[in-house]
Every structure is written in C-alpha cells, then in structure tokens.
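S.K.: Below is the file data_35.cif, which contains mmCIF, C-alpha atoms.
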```
data_upload
loop_
_atom_site.label_atom_id
_atom_site.label_comp_id
_atom_site.auth_asym_id
_atom_site.auth_seq_id
_atom_site.Cartn_x
_atom_site.Cartn_y
_atom_site.Cartn_z
CA MET U 6 16.69 -25.00 24.27
CA GLU U 7 19.93 -23.08 24.33
CA THR U 8 22.96 -25.23 25.08
CA GLN U 9 24.67 -24.36 28.36
CA GLU U 10 28.40 -24.88 28.53
CA ALA U 11 30.15 -26.48 31.49
CA VAL U 12 32.36 -24.47 33.82
CA ALA U 13 35.89 -24.29 32.43
CA VAL U 14 38.12 -26.81 34.20
CA SER U 15 40.75 -24.17 34.87
CA ASP U 16 38.15 -22.16 36.83
CA VAL U 17 37.35 -24.92 39.34
CA PRO U 18 37.80 -23.81 42.99
CA ASP U 19 39.92 -25.94 45.31
CA THR U 20 37.14 -27.40 47.53
CA VAL U 21 33.82 -29.12 46.90
CA SER U 22 31.89 -26.53 48.92
CA LYS U 23 33.45 -23.60 47.04
CA THR U 24 32.70 -25.32 43.73
CA PHE U 25 29.10 -25.91 44.75
CA TRP U 26 28.58 -22.34 45.90
CA ALA U 27 30.18 -20.95 42.74
CA SER U 28 27.73 -23.02 40.70
CA VAL U 29 24.79 -21.73 42.76
CA MET U 30 25.93 -18.14 42.19
CA ALA U 31 26.54 -18.66 38.47
CA ARG U 32 23.44 -20.70 37.57
CA GLY U 33 20.76 -19.15 39.79
CA GLN U 34 17.39 -19.91 38.20
CA GLN U 35 18.54 -22.82 36.04
CA VAL U 36 17.13 -26.20 37.08
CA ALA U 37 19.57 -28.15 39.24
CA LEU U 38 17.55 -31.22 40.13
CA ARG U 39 14.14 -32.88 40.09
CA GLN U 40 12.31 -35.23 42.44
CA LYS U 41 8.75 -36.50 42.49
CA ASP U 42 6.21 -35.17 44.98
CA PHE U 43 2.72 -36.67 44.90
CA GLY U 44 3.40 -38.24 41.51
CA ILE U 45 4.63 -35.03 39.84
CA TRP U 46 8.23 -34.19 39.01
CA GLN U 47 9.18 -31.04 40.89
CA SER U 48 12.05 -28.86 39.64
CA ILE U 49 14.50 -27.20 42.04
CA THR U 50 16.72 -24.37 40.84
CA TRP U 51 20.35 -23.93 41.77
CA GLU U 52 19.33 -20.91 43.83
CA ALA U 53 16.79 -22.95 45.80
CA PHE U 54 19.29 -25.81 46.19
CA GLY U 55 21.83 -23.38 47.61
CA ALA U 56 19.28 -21.79 49.96
CA VAL U 57 18.31 -25.14 51.51
CA ALA U 58 21.93 -26.24 51.88
CA ARG U 59 22.74 -22.91 53.53
CA GLU U 60 19.84 -23.25 55.98
CA ILE U 61 20.96 -26.75 56.95
CA GLY U 62 24.58 -25.68 57.32
CA MET U 63 23.73 -22.65 59.43
CA GLY U 64 21.34 -24.75 61.50
CA LEU U 65 24.20 -27.10 62.32
CA VAL U 66 26.50 -24.18 63.12
CA SER U 67 23.82 -22.81 65.46
CA LEU U 68 23.66 -26.19 67.20
CA GLY U 69 27.42 -26.15 67.67
CA LEU U 70 29.03 -27.88 64.67
CA GLU U 71 32.75 -27.11 64.55
CA PRO U 72 34.93 -27.29 61.40
CA GLY U 73 36.23 -30.81 60.89
CA GLU U 74 33.50 -32.54 62.90
CA CYS U 75 31.67 -35.43 61.25
CA VAL U 76 27.99 -35.57 60.29
CA SER U 77 26.42 -38.80 58.97
CA VAL U 78 23.42 -39.41 56.70
CA LEU U 79 21.34 -42.59 56.95
CA SER U 80 18.94 -42.44 54.00
CA ASN U 81 18.07 -43.68 50.56
CA THR U 82 19.19 -41.55 47.62
CA ASN U 83 17.10 -38.37 47.51
CA ARG U 84 17.45 -34.60 47.26
CA GLU U 85 17.49 -34.22 51.05
CA TRP U 86 20.68 -36.32 51.08
CA ILE U 87 22.58 -33.87 48.90
CA TYR U 88 21.01 -30.83 50.56
CA THR U 89 22.49 -32.13 53.82
CA ASP U 90 25.79 -33.10 52.20
CA MET U 91 26.31 -29.59 50.87
CA GLY U 92 25.10 -28.02 54.10
CA VAL U 93 27.62 -30.05 56.10
CA LEU U 94 30.54 -29.35 53.76
CA GLY U 95 29.59 -25.68 53.47
CA ALA U 96 29.58 -25.37 57.26
CA GLY U 97 33.09 -26.83 57.34
CA GLY U 98 32.13 -30.31 58.49
CA VAL U 99 33.00 -33.79 57.25
CA SER U 100 30.23 -35.76 55.53
CA ASN U 101 29.72 -39.51 55.94
CA GLY U 102 27.06 -41.80 54.45
CA VAL U 103 25.46 -44.85 56.05
CA TYR U 104 23.64 -47.38 53.84
CA PRO U 105 19.88 -47.45 54.56
CA THR U 106 20.03 -51.26 54.50
CA ASP U 107 22.53 -51.38 57.39
CA ALA U 108 21.42 -53.03 60.62
CA PRO U 109 21.48 -51.08 63.92
CA ALA U 110 24.79 -52.67 64.94
CA GLN U 111 26.40 -51.45 61.70
CA VAL U 112 24.92 -47.98 62.17
CA GLU U 113 26.43 -47.90 65.65
CA TYR U 114 29.85 -48.97 64.41
CA LEU U 115 29.97 -46.47 61.55
CA CYS U 116 28.81 -43.56 63.70
CA ALA U 117 31.27 -44.43 66.47
CA ASP U 118 34.20 -45.01 64.11
CA SER U 119 33.57 -41.72 62.28
CA ALA U 120 32.99 -39.79 65.55
CA THR U 121 29.61 -38.62 64.25
CA VAL U 122 28.17 -35.68 66.20
CA TYR U 123 24.96 -35.19 64.18
CA LEU U 124 23.04 -37.95 62.41
CA PHE U 125 20.46 -37.32 59.68
CA VAL U 126 17.94 -40.12 59.06
CA GLU U 127 15.34 -40.49 56.33
CA ASP U 128 12.21 -41.56 58.22
CA ASP U 129 10.77 -43.44 61.20
CA GLU U 130 12.28 -46.74 60.02
CA GLN U 131 15.81 -45.34 60.01
CA LEU U 132 15.14 -43.37 63.20
CA ASP U 133 14.36 -46.62 65.01
CA LYS U 134 17.89 -47.86 64.24
CA ALA U 135 19.44 -44.67 65.60
CA LEU U 136 17.34 -44.74 68.76
CA GLU U 137 18.31 -48.35 69.40
CA VAL U 138 22.03 -47.54 69.52
CA ARG U 139 22.25 -43.87 70.55
CA ALA U 140 22.94 -44.68 74.23
CA ARG U 141 26.28 -46.13 73.12
CA LEU U 142 27.18 -43.13 70.93
CA ALA U 143 28.54 -40.68 73.48
CA GLN U 144 29.51 -38.05 70.87
CA LEU U 145 26.10 -37.97 69.18
CA ARG U 146 24.32 -34.68 69.94
CA LYS U 147 21.24 -34.63 67.71
CA ILE U 148 19.30 -36.83 65.30
CA ILE U 149 17.59 -34.96 62.45
CA VAL U 150 14.73 -36.60 60.51
CA PHE U 151 13.97 -35.81 56.84
CA ASP U 152 10.42 -37.23 56.69
CA MET U 153 8.28 -36.85 59.82
CA ASP U 154 5.29 -38.83 58.50
CA GLY U 155 4.35 -41.26 61.24
CA LEU U 156 6.20 -39.19 63.83
CA ARG U 157 3.75 -36.34 64.39
CA GLU U 158 3.15 -37.29 68.02
CA PHE U 159 6.76 -38.28 68.64
CA ASN U 160 8.61 -36.16 71.19
CA ASP U 161 12.27 -36.63 72.05
CA ARG U 162 14.71 -33.90 73.09
CA GLN U 163 17.52 -35.40 71.00
CA VAL U 164 15.42 -35.70 67.84
CA MET U 165 14.28 -32.87 65.55
CA SER U 166 12.87 -32.54 62.05
CA LEU U 167 14.76 -31.24 59.04
CA ASP U 168 12.22 -28.42 58.76
CA ALA U 169 12.96 -27.37 62.35
CA LEU U 170 16.70 -27.38 61.67
CA ARG U 171 16.19 -25.26 58.56
CA ALA U 172 14.12 -22.76 60.56
CA ILE U 173 16.93 -22.49 63.12
CA GLY U 174 19.39 -22.05 60.26
CA ARG U 175 17.40 -19.21 58.68
CA LYS U 176 17.24 -17.38 62.01
CA TYR U 177 20.95 -17.87 62.67
CA ASP U 178 21.84 -16.78 59.13
CA ALA U 179 19.83 -13.59 59.50
CA ALA U 180 21.73 -12.76 62.68
CA HIS U 181 25.12 -13.75 61.23
CA PRO U 182 24.86 -12.89 57.50
CA THR U 183 28.55 -13.42 56.69
CA GLU U 184 29.06 -16.68 58.57
CA TRP U 185 28.08 -19.02 55.69
CA GLU U 186 30.56 -17.47 53.26
CA ARG U 187 33.21 -17.50 55.98
CA ARG U 188 32.62 -21.19 56.65
CA VAL U 189 32.66 -22.06 52.93
CA SER U 190 36.02 -20.33 52.47
CA LEU U 191 37.44 -21.71 55.71
CA ARG U 192 38.28 -25.23 54.55
CA LYS U 193 41.43 -25.88 52.52
CA ALA U 194 42.01 -28.30 49.66
CA THR U 195 44.01 -30.61 51.94
CA ASP U 196 41.27 -30.79 54.58
CA LEU U 197 39.16 -33.91 55.01
CA ALA U 198 35.79 -33.64 53.24
CA VAL U 199 34.15 -37.05 52.95
CA LEU U 200 34.37 -40.51 54.50
CA ILE U 201 33.54 -43.48 52.25
CA TYR U 202 33.38 -46.77 54.12
CA THR U 203 34.41 -50.08 52.56
CA SER U 204 31.95 -52.96 52.38
CA GLY U 205 33.65 -54.81 55.24
CA THR U 206 34.00 -58.11 53.37
CA THR U 207 37.52 -58.67 54.76
CA GLY U 208 36.86 -57.40 58.27
CA ARG U 209 35.37 -54.30 59.82
CA PRO U 210 34.52 -51.52 57.32
CA LYS U 211 37.27 -48.95 56.99
CA GLY U 212 36.64 -45.28 56.28
CA ALA U 213 38.48 -44.00 53.24
CA MET U 214 39.42 -40.39 53.98
CA LEU U 215 38.87 -38.21 50.90
CA SER U 216 40.10 -34.65 50.99
CA HIS U 217 38.57 -31.78 49.07
CA ALA U 218 41.57 -32.01 46.72
CA ASN U 219 40.82 -35.72 46.05
CA LEU U 220 37.21 -34.97 45.18
CA VAL U 221 37.87 -31.89 43.07
CA ALA U 222 40.49 -33.83 41.07
CA ALA U 223 37.95 -36.59 40.41
CA MET U 224 35.33 -34.04 39.36
CA ARG U 225 37.77 -32.47 36.92
CA LEU U 226 38.81 -35.83 35.46
CA TYR U 227 35.26 -37.01 34.88
CA SER U 228 34.16 -33.71 33.37
CA GLU U 229 37.10 -33.95 30.97
CA ALA U 230 36.52 -37.61 30.11
CA PHE U 231 32.74 -37.36 29.65
CA ALA U 232 31.70 -33.99 28.28
CA GLN U 233 28.36 -32.90 29.71
CA ARG U 234 26.24 -29.75 29.56
CA ALA U 235 23.62 -27.96 31.61
CA ASP U 236 20.88 -29.24 29.26
CA ASP U 237 21.85 -32.86 29.90
CA GLU U 238 19.67 -35.07 32.11
CA ARG U 239 21.08 -37.65 34.53
CA MET U 240 19.38 -40.12 36.86
CA CYS U 241 20.38 -40.40 40.53
CA PHE U 242 19.51 -43.73 42.10
CA LEU U 243 22.69 -45.49 43.23
CA PRO U 244 23.58 -45.15 46.93
CA LEU U 245 25.13 -41.79 47.74
CA CYS U 246 27.28 -43.56 50.34
CA HIS U 247 29.20 -44.92 47.34
CA VAL U 248 31.77 -42.74 45.65
CA ALA U 249 30.37 -43.39 42.15
CA GLU U 250 27.00 -41.65 42.54
CA ARG U 251 28.37 -39.06 44.93
CA VAL U 252 31.27 -37.87 42.77
CA VAL U 253 30.51 -38.95 39.20
CA GLY U 254 26.81 -38.18 39.51
CA VAL U 255 26.36 -35.28 41.92
CA TYR U 256 29.67 -33.49 42.42
CA THR U 257 30.59 -33.47 38.73
CA ALA U 258 27.25 -31.73 38.06
CA PHE U 259 28.61 -28.76 40.02
CA LEU U 260 31.03 -28.25 37.11
CA THR U 261 28.75 -29.16 34.23
CA GLY U 262 25.36 -27.95 35.45
CA THR U 263 23.82 -31.26 34.37
CA ARG U 264 20.31 -31.74 35.79
CA LEU U 265 19.99 -34.51 38.39
CA ASN U 266 16.77 -36.53 38.58
CA PHE U 267 16.18 -38.53 41.77
CA VAL U 268 14.19 -41.73 41.43
CA GLU U 269 11.28 -42.35 43.80
CA ASN U 270 12.79 -45.54 45.22
CA PRO U 271 15.01 -48.41 43.98
CA GLU U 272 11.98 -50.32 42.65
CA THR U 273 10.86 -47.46 40.38
CA VAL U 274 14.17 -47.05 38.53
CA PRO U 275 12.90 -48.51 35.20
CA GLU U 276 9.71 -46.42 35.30
CA ASN U 277 11.52 -43.21 36.25
CA VAL U 278 14.16 -43.72 33.55
CA ARG U 279 11.40 -43.98 30.93
CA GLU U 280 9.79 -40.78 32.28
CA ILE U 281 12.99 -38.71 32.24
CA ALA U 282 14.78 -40.31 29.26
CA PRO U 283 18.29 -39.27 30.43
CA THR U 284 20.81 -38.03 27.89
CA VAL U 285 23.76 -39.21 30.00
CA PHE U 286 23.17 -42.36 32.03
CA GLY U 287 25.62 -43.96 34.42
CA ALA U 288 24.86 -47.23 36.18
CA VAL U 289 26.40 -50.42 37.54
CA PRO U 290 26.38 -53.63 35.43
CA ARG U 291 23.39 -55.16 37.25
CA ILE U 292 21.19 -52.28 36.04
CA TRP U 293 22.25 -52.77 32.42
CA GLU U 294 21.71 -56.52 32.84
CA LYS U 295 18.22 -55.90 34.22
CA PHE U 296 17.22 -53.76 31.24
CA HIS U 297 18.51 -56.45 28.88
CA SER U 298 16.57 -59.12 30.77
CA VAL U 299 13.34 -57.13 30.53
CA VAL U 300 13.73 -56.87 26.75
CA THR U 301 14.53 -60.60 26.50
CA ILE U 302 11.43 -61.54 28.50
CA ARG U 303 9.18 -59.31 26.40
CA LEU U 304 10.57 -60.81 23.21
CA ARG U 305 9.60 -64.29 24.41
CA GLU U 306 6.03 -63.05 24.73
CA ALA U 307 6.07 -61.31 21.33
CA SER U 308 4.65 -62.70 18.08
CA ARG U 309 6.84 -64.67 15.69
CA LEU U 310 6.81 -61.76 13.25
CA GLN U 311 8.01 -59.37 15.97
CA GLN U 312 10.73 -61.80 17.03
CA LEU U 313 11.90 -62.14 13.42
CA ALA U 314 11.95 -58.35 12.97
CA TYR U 315 14.04 -57.99 16.13
CA ARG U 316 16.55 -60.65 15.07
CA LEU U 317 17.02 -59.01 11.68
CA ALA U 318 17.33 -55.51 13.12
CA ILE U 319 19.72 -56.38 15.97
CA GLY U 320 21.73 -58.48 13.51
CA VAL U 321 22.42 -55.34 11.48
CA GLY U 322 23.37 -53.53 14.68
CA TYR U 323 25.82 -56.27 15.65
CA LYS U 324 27.50 -56.07 12.24
CA ILE U 325 28.10 -52.34 12.71
CA ALA U 326 29.32 -52.87 16.30
CA ALA U 327 31.79 -55.50 15.03
CA LEU U 328 33.14 -53.14 12.38
CA ARG U 329 33.55 -50.38 14.94
CA GLU U 330 35.35 -52.77 17.26
CA GLU U 331 37.79 -53.62 14.48
CA ARG U 332 38.07 -49.92 13.58
CA LYS U 333 36.83 -50.60 10.06
CA PRO U 334 34.62 -48.25 8.02
CA VAL U 335 30.89 -48.98 7.87
CA PRO U 336 29.67 -49.44 4.27
CA ALA U 337 26.94 -47.07 3.09
CA ARG U 338 24.50 -49.95 2.47
CA LEU U 339 24.94 -51.14 6.06
CA THR U 340 24.45 -47.60 7.38
CA LEU U 341 21.21 -47.37 5.39
CA ALA U 342 20.06 -50.78 6.62
CA PHE U 343 20.75 -49.79 10.21
CA ALA U 344 18.81 -46.53 9.83
CA LEU U 345 15.84 -48.59 8.64
CA ALA U 346 16.33 -51.10 11.48
CA ARG U 347 16.26 -48.28 14.03
CA VAL U 348 13.11 -46.70 12.65
CA LEU U 349 11.21 -49.99 12.40
CA VAL U 350 12.45 -51.85 15.50
CA LEU U 351 15.40 -50.68 17.55
CA ASN U 352 14.07 -47.24 18.51
CA ASN U 353 11.12 -48.97 20.15
CA ILE U 354 13.54 -51.12 22.17
CA ARG U 355 15.42 -47.99 23.25
CA LYS U 356 12.18 -46.26 24.26
CA ALA U 357 11.05 -49.31 26.21
CA ILE U 358 14.22 -49.00 28.29
CA GLY U 359 14.13 -45.20 28.45
CA VAL U 360 17.47 -44.54 26.75
CA HIS U 361 16.22 -43.30 23.37
CA ARG U 362 17.67 -39.82 24.03
CA ALA U 363 20.94 -41.06 25.54
CA ARG U 364 24.11 -39.96 23.80
CA LEU U 365 26.33 -41.64 26.39
CA LEU U 366 25.94 -44.68 28.66
CA ILE U 367 28.52 -45.18 31.41
CA THR U 368 29.06 -48.48 33.19
CA GLY U 369 31.48 -49.18 35.99
CA ALA U 370 32.11 -50.18 39.65
CA ALA U 371 32.31 -53.83 38.51
CA PRO U 372 33.28 -55.66 35.28
CA THR U 373 30.67 -55.53 32.54
CA SER U 374 30.22 -58.42 30.11
CA PRO U 375 31.62 -57.51 26.66
CA ASP U 376 28.58 -59.21 25.12
CA LEU U 377 26.28 -56.92 27.09
CA ILE U 378 28.21 -53.85 25.90
CA ARG U 379 27.96 -55.15 22.32
CA TRP U 380 24.18 -55.46 22.69
CA TYR U 381 23.82 -51.81 23.68
CA MET U 382 26.18 -50.81 20.87
CA ALA U 383 24.02 -52.85 18.48
CA LEU U 384 21.05 -50.72 19.55
CA GLY U 385 23.02 -47.72 18.33
CA LEU U 386 24.01 -46.53 21.79
CA GLU U 387 27.45 -45.37 22.92
CA MET U 388 28.51 -47.27 26.04
CA VAL U 389 31.75 -46.56 27.89
CA GLU U 390 33.13 -48.74 30.66
CA VAL U 391 35.07 -46.89 33.37
CA TRP U 392 38.06 -48.77 34.75
CA GLY U 393 39.75 -46.12 36.90
CA GLN U 394 42.57 -43.63 36.66
CA THR U 395 45.50 -43.98 34.27
CA GLU U 396 49.13 -43.35 35.20
CA SER U 397 48.96 -40.09 33.27
CA GLY U 398 46.06 -38.92 35.42
CA GLY U 399 43.21 -39.51 32.94
CA ILE U 400 40.22 -41.81 33.15
CA SER U 401 40.75 -45.30 31.74
CA THR U 402 37.75 -46.47 29.72
CA THR U 403 36.74 -49.07 27.20
CA ASN U 404 35.28 -47.43 24.12
CA PRO U 405 33.63 -48.71 22.11
CA ILE U 406 34.39 -52.40 22.92
CA GLY U 407 37.43 -54.06 24.43
CA ARG U 408 39.98 -51.29 23.97
CA ALA U 409 41.41 -49.21 26.82
CA LYS U 410 41.41 -45.53 26.03
CA PRO U 411 42.68 -42.87 28.46
CA GLY U 412 40.31 -39.94 28.86
#
```
Could I get this file's structure written as structure tokens?
M.R.:
Amino acid sequence: METQEAVAVSDVPDTVSKTFWASVMARGQQVALRQKDFGIWQSITWEAFGAVAREIGMGLVSLGLEPGECVSVLSNTNREWIYTDMGVLGAGGVSNGVYPTDAPAQVEYLCADSATVYLFVEDDEQLDKALEVRARLAQLRKIIVFDMDGLREFNDRQVMSLDALRAIGRKYDAAHPTEWERRVSLRKATDLAVLIYTSGTTGRPKGAMLSHANLVAAMRLYSEAFAQRADDERMCFLPLCHVAERVVGVYTAFLTGTRLNFVENPETVPENVREIAPTVFGAVPRIWEKFHSVVTIRLREASRLQQLAYRLAIGVGYKIAALREERKPVPARLTLAFALARVLVLNNIRKAIGVHRARLLITGAAPTSPDLIRWYMALGLEMVEVWGQTESGGISTTNPIGRAKPG
C-alpha cells in the first residue's frame, strides 16, 4: 500500500469545518472510517462521509438552524455521532455531546444550559430520556433518532429519523446548491464550535467553550507530536463527549487522513481491537490495565512450560526497557535475545491483545502506572503518556519511561 502523507500543518484552515471539508475534497475515495454492520466491517470513503454530513447540515438549515445555535448529541460512540458533529459545525452551529449513561435529569440540565435547539439521540432508550424531559426544554424544536429499530410504529410530531432529516437535507441542498459552502465559510476562528461539559464532581457540570481556533490548535499540536499517515488505523471507542476522542482521535484525522474504526459497543473493544490491529492506538489507563489483566489471567491458566517461557521472554524485554530508560545502548547479544523472545513468545502476547501492528501507543486523561508502561515497553511496544501542553506550545509527553519530553 502506498504511504499517504498528512496534510502540511501550514496548510490547515482556521476552523474545524473548513479543515474537514478540505480533507473531503482532497481525499475523495480514500477510506475515512469503518463500522460494523451485520457483523461485517463496512468502509466509508471521505466523499461519502462528507455527503452524509452535508445532508445532515442542510437538513438542519432547512428546519431553521441559525449560525451559533447549539445542537446536542446523546449517543454512544459511532459514525452517526461524527456525521452529525460535522453536519452541525458545517451548518454554522455549535456542537455539544451528552453522555449516553446520563439520567434524564442530567440530559435536561445539559440541554437547558447549552440552549440546545435540536437533539440527536441514538435509539429508543435514549429517546425515552428526551421525551421525559422535553416539556421543560422550551427551546428544543426537534429530536432526531439515529436508529429507528423498535420505533417503526412510533409517531410524534417533534421526533424524526436521521434518514428523514437527510432526505430533507438533500432536497434543500438541491434547491440551494451554494448554501453548504457558504455556511462552512461563514464561521470564524474565534467563533464558538464545541461545548465540553465537566464531570460535575464539584457542583453542576460546566460547559467549557472551545472555539474553532482552540480545536485547530490542538489538532496541529497532536499531528506534530504524533506523526500519523492516511494508511494508519485507529480505534474509536472512548466517549465523543470527551475532548480526547473528539480532538485527538477524530479531528486530528482530518489533518492526517488516518482511518477511524468504530467499535460495536464498549463491551466489544478487545474483540474489535484484535480484528483491526490498529497501528496507532490511544486509550485511557483503564483500557491498558484491562489488557494487562487479561494476559495475567491467561498466564495463570497456562502450563508451567508456557509460564516459564513468558517469564524468560518478558525478562529480556524488561532489561531492554531499563536500558532505554537510562539512555544506555542495548548490547548486540541482548538485541538478539529479544528478537528470539519476540518470535517465540512476545509476538503472541501482542496478537492476543491486538497491538501486534502498533507502532505507537498513547495513554492519557489520567496518570498511568510507570510499571504498566514498562510492561508494554518490555513487549517491544512504544508507549507515550500525554500530560498536556508545554509552555512553549508543544505537547508534554513521557517517552519512553519517566522523562518529560515536549513534542
């Protein structure tokens, strides 16, 4: 496969929606994302991604969405989430995410606080929450449902399907062929783009107001710190309400062209990771801990010979990790021993997790145990811990172990 280079950082437009649309225009028939339908991974091109986002955006414009108005999404992480996100931003709106685990009272608060005028929900379960509180949301005009399974006989004037919205959008777009481009170019870098709500552990959740300039700067920083290409594979499974998956995962892909693979549901993450074998994999510490725990449990059930082989192999890996940590050269005999350890043992561990093709693992959003990082390094994997932004404007990381390095 021919390597595809990322968009040059100097060429990045000044808003998320302009950056997205530039990527759609430039990449066309390249694969943008994948998601499973009926047990089979389906590929969606950048052109198709852009077409769906445009239909959603124009559908909202047809319904009356004005620039700067807020639209919320109440759904698990899936392709429909980012279709809607890009449709909203492209139409000049402000995008807000609501966690699918939130109770109706929380949904009401977040929609009221953000002045949500349109609410997208994943399915009948999430729709029930919206219906329970809509009478108290005076600004809410429509509720749009991604998945209508179980709602075939449902009839409510305020509720419509995503397919129906897209059909309205196609008709409106045909009658107003220049409106989408006008809306995309309308918003400025300083305009509000996204609301990210805090967890609410110290009181009511507060909406962090991120401008297009904020988000584009983050996209640029992460693309500089962690070089990625259009032939890289990433997994999308963390909540898109959170800034990590939204910006580091999805938005940065608008610059790099990296393919995004959406897991079926939170429970299928390990299985889906093994199926895709991502080349760049970002996750929170609990995911890395879970993979380690699975390996530990399997080792307890293994034969004594297998346990001995693992201890010897990982021991070699730890020696190399220690030398790297101390910035010391790795002797040739140890390099040879590690190559043998990988072939006989460690590659099987990597395949069992699904990271055998990974050239970069990224951990962040919470502190990661140094011992856990050392374990992944001992497997021969490169793991980088993201700490945040440095004073010079770079990304502060730990790489390989215990040393801050600005990106």
S.K.: Could you write out as a list of chain:residue names the residues that the PyMOL selection byres ((chain U and resi 358-374) around 6) matches in the shown file?
M.R.: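 Selected by the PyMOL selection byres ((chain U and resi 358-374) around 6) here: U:Val278, U:Arg279, U:Ala282, U:Pro283, U:Thr284, U:Val285, U:Phe286, U:Gly287, U:Ala288, U:Val289, U:Pro290, U:Arg355, U:Lys356, U:Ala357, U:Pro375, U:Asp376, U:Leu377, U:Glu387, U:Met388, U:Val389, U:Glu390, U:Val391.
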S.K.: How many Å lie between atom CA of Arg305 of chain U and atom CA of Ala344 of chain U, rounded to one decimal?
M.R.: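 Distance between the two atoms: 24.8 Å.
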S.K.: Selection in question (the file shown): the PyMOL selection byres ((chain U and resi 301) around 12). Which residues does it include, as a PyMOL selection string?
M.R.: chain U and resi 294-300+302-307+312+315-316+354+357-358+380
S.K.: Using only C-alpha atoms, what table do you get, as CSV, when you list each residue of segment 221-250 of chain U with an atom no more than 12 Å from segment 21-28 of chain U, its nearest pair of atoms, and their distance in Å rounded to one decimal, rows by chain then rising number?
M.R.:
```
residue,atom,partner,partner_atom,distance
U:Val221,CA,U:Val21,CA,6.2
U:Ala222,CA,U:Val21,CA,10.0
U:Ala223,CA,U:Val21,CA,10.7
U:Met224,CA,U:Val21,CA,9.1
U:Arg225,CA,U:Thr24,CA,11.1
U:Ala235,CA,U:Ser28,CA,11.1
```
S.K.: Could you state which residues are captured by the PyMOL selection byres ((chain U and resi 55-69) around 7) in this file, as a list in words?
M.R.: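 Given this file, the PyMOL selection byres ((chain U and resi 55-69) around 7) evaluates to Val29, Trp51, Glu52, Ala53, Phe54, Leu70, Glu71, Tyr88, Thr89, Met91, Gly92, Val93, Gly95, Ala96, Leu170, Arg171, Ile173, Gly174, Arg175, Tyr177, Asp178 and Trp185 of chain U.
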S.K.: Near Val36 of chain U, counting all atoms listed in the file, which residues have an atom at most 8 Å away, once you skip same-chain residues fewer than 5 positions from it, shown as a ChimeraX atom specification?
M.R.: /U:48-51,264
S.K.: Considering all atoms listed in the file, return as a list in words whatever protein or nucleic-acid residues lie within 8 Å of Ile319 of chain U, sequence-local ones (same chain, fewer than 5 positions apart) excluded.
M.R.: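 These residues fall inside the cut-off: Ala346, Leu351, Ala383 and Leu384 of chain U.
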S.K.: Box time for segment 161-169 of chain U: axis-aligned, enclosing all its listed atoms, 5 Å extra on each side; report centre and edge lengths in Å to one decimal, as JSON.
M.R.:
```
{"center_x": 14.9, "center_y": -32.0, "center_z": 65.9, "size_x": 15.3, "size_y": 19.3, "size_z": 24.3}
```
S.K.: Can you tell me, as a PDB file with C-alpha atoms, in the frame of the given file, which residues sit within 10 Å of (10.0, -39.1, 53.0) in the file's frame, using all atoms listed in the file?
M.R.:
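To be explicit, this is the file written out as point-v3.pdb:
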```
ATOM      1  CA  ASP U  42       6.210 -35.170  44.980  1.00  0.00           C
ATOM      2  CA  SER U  80      18.940 -42.440  54.000  1.00  0.00           C
ATOM      3  CA  ASN U  81      18.070 -43.680  50.560  1.00  0.00           C
ATOM      4  CA  ASN U  83      17.100 -38.370  47.510  1.00  0.00           C
ATOM      5  CA  GLU U  85      17.490 -34.220  51.050  1.00  0.00           C
ATOM      6  CA  GLU U 127      15.340 -40.490  56.330  1.00  0.00           C
ATOM      7  CA  ASP U 128      12.210 -41.560  58.220  1.00  0.00           C
ATOM      8  CA  ASP U 129      10.770 -43.440  61.200  1.00  0.00           C
ATOM      9  CA  VAL U 150      14.730 -36.600  60.510  1.00  0.00           C
ATOM     10  CA  PHE U 151      13.970 -35.810  56.840  1.00  0.00           C
ATOM     11  CA  ASP U 152      10.420 -37.230  56.690  1.00  0.00           C
ATOM     12  CA  MET U 153       8.280 -36.850  59.820  1.00  0.00           C
ATOM     13  CA  ASP U 154       5.290 -38.830  58.500  1.00  0.00           C
ATOM     14  CA  GLU U 269      11.280 -42.350  43.800  1.00  0.00           C
TER      15      GLU U 269
END
```
S.K.: Which value, in Å to one decimal, gives the distance between atom CA of Ala117 of chain U and atom CA of Ile87 of chain U?
M.R.: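 Interatomic distance, atom CA of Ala117 of chain U to atom CA of Ile87 of chain U: 22.3 Å.
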S.K.: Looking at all atoms listed in the file, which of U:His247, U:Gly262, U:Arg209, U:Thr340 is the one that sits closest to Gln233 of chain U?
M.R.: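 For Gln233 of chain U, the nearest of the given residues is U:Gly262.
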S.K.: Work out how far apart atom CA of Cys241 of chain U and atom CA of Trp86 of chain U are and give it in Å to one decimal.
M.R.: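 Interatomic distance here is 11.3 Å.
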S.K.: Would you mind telling me which residue in U:Leu156, U:Ala326, U:Leu245, U:Val112 lies nearest to Leu386 of chain U when using all atoms listed in the file?
M.R.: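 Closest candidate: U:Ala326.
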S.K.: Would you list the residues near (38.1, -41.5, 53.0) (no more than 6 Å away, in the coordinates of the file, using only C-alpha atoms) as a list of chain:residue names?
M.R.: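 Collected hits near the coordinates: U:Val199, U:Leu200, U:Ile201, U:Gly212, U:Ala213, U:Met214, U:Leu215.
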S.K.: Quick one: of U:Thr263, U:Ile378, U:Tyr123, U:Tyr256, who's nearest to Glu330 of chain U, counting only C-alpha atoms?
M.R.: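 The shortest atom-to-atom distance to Glu330 of chain U comes from U:Ile378.
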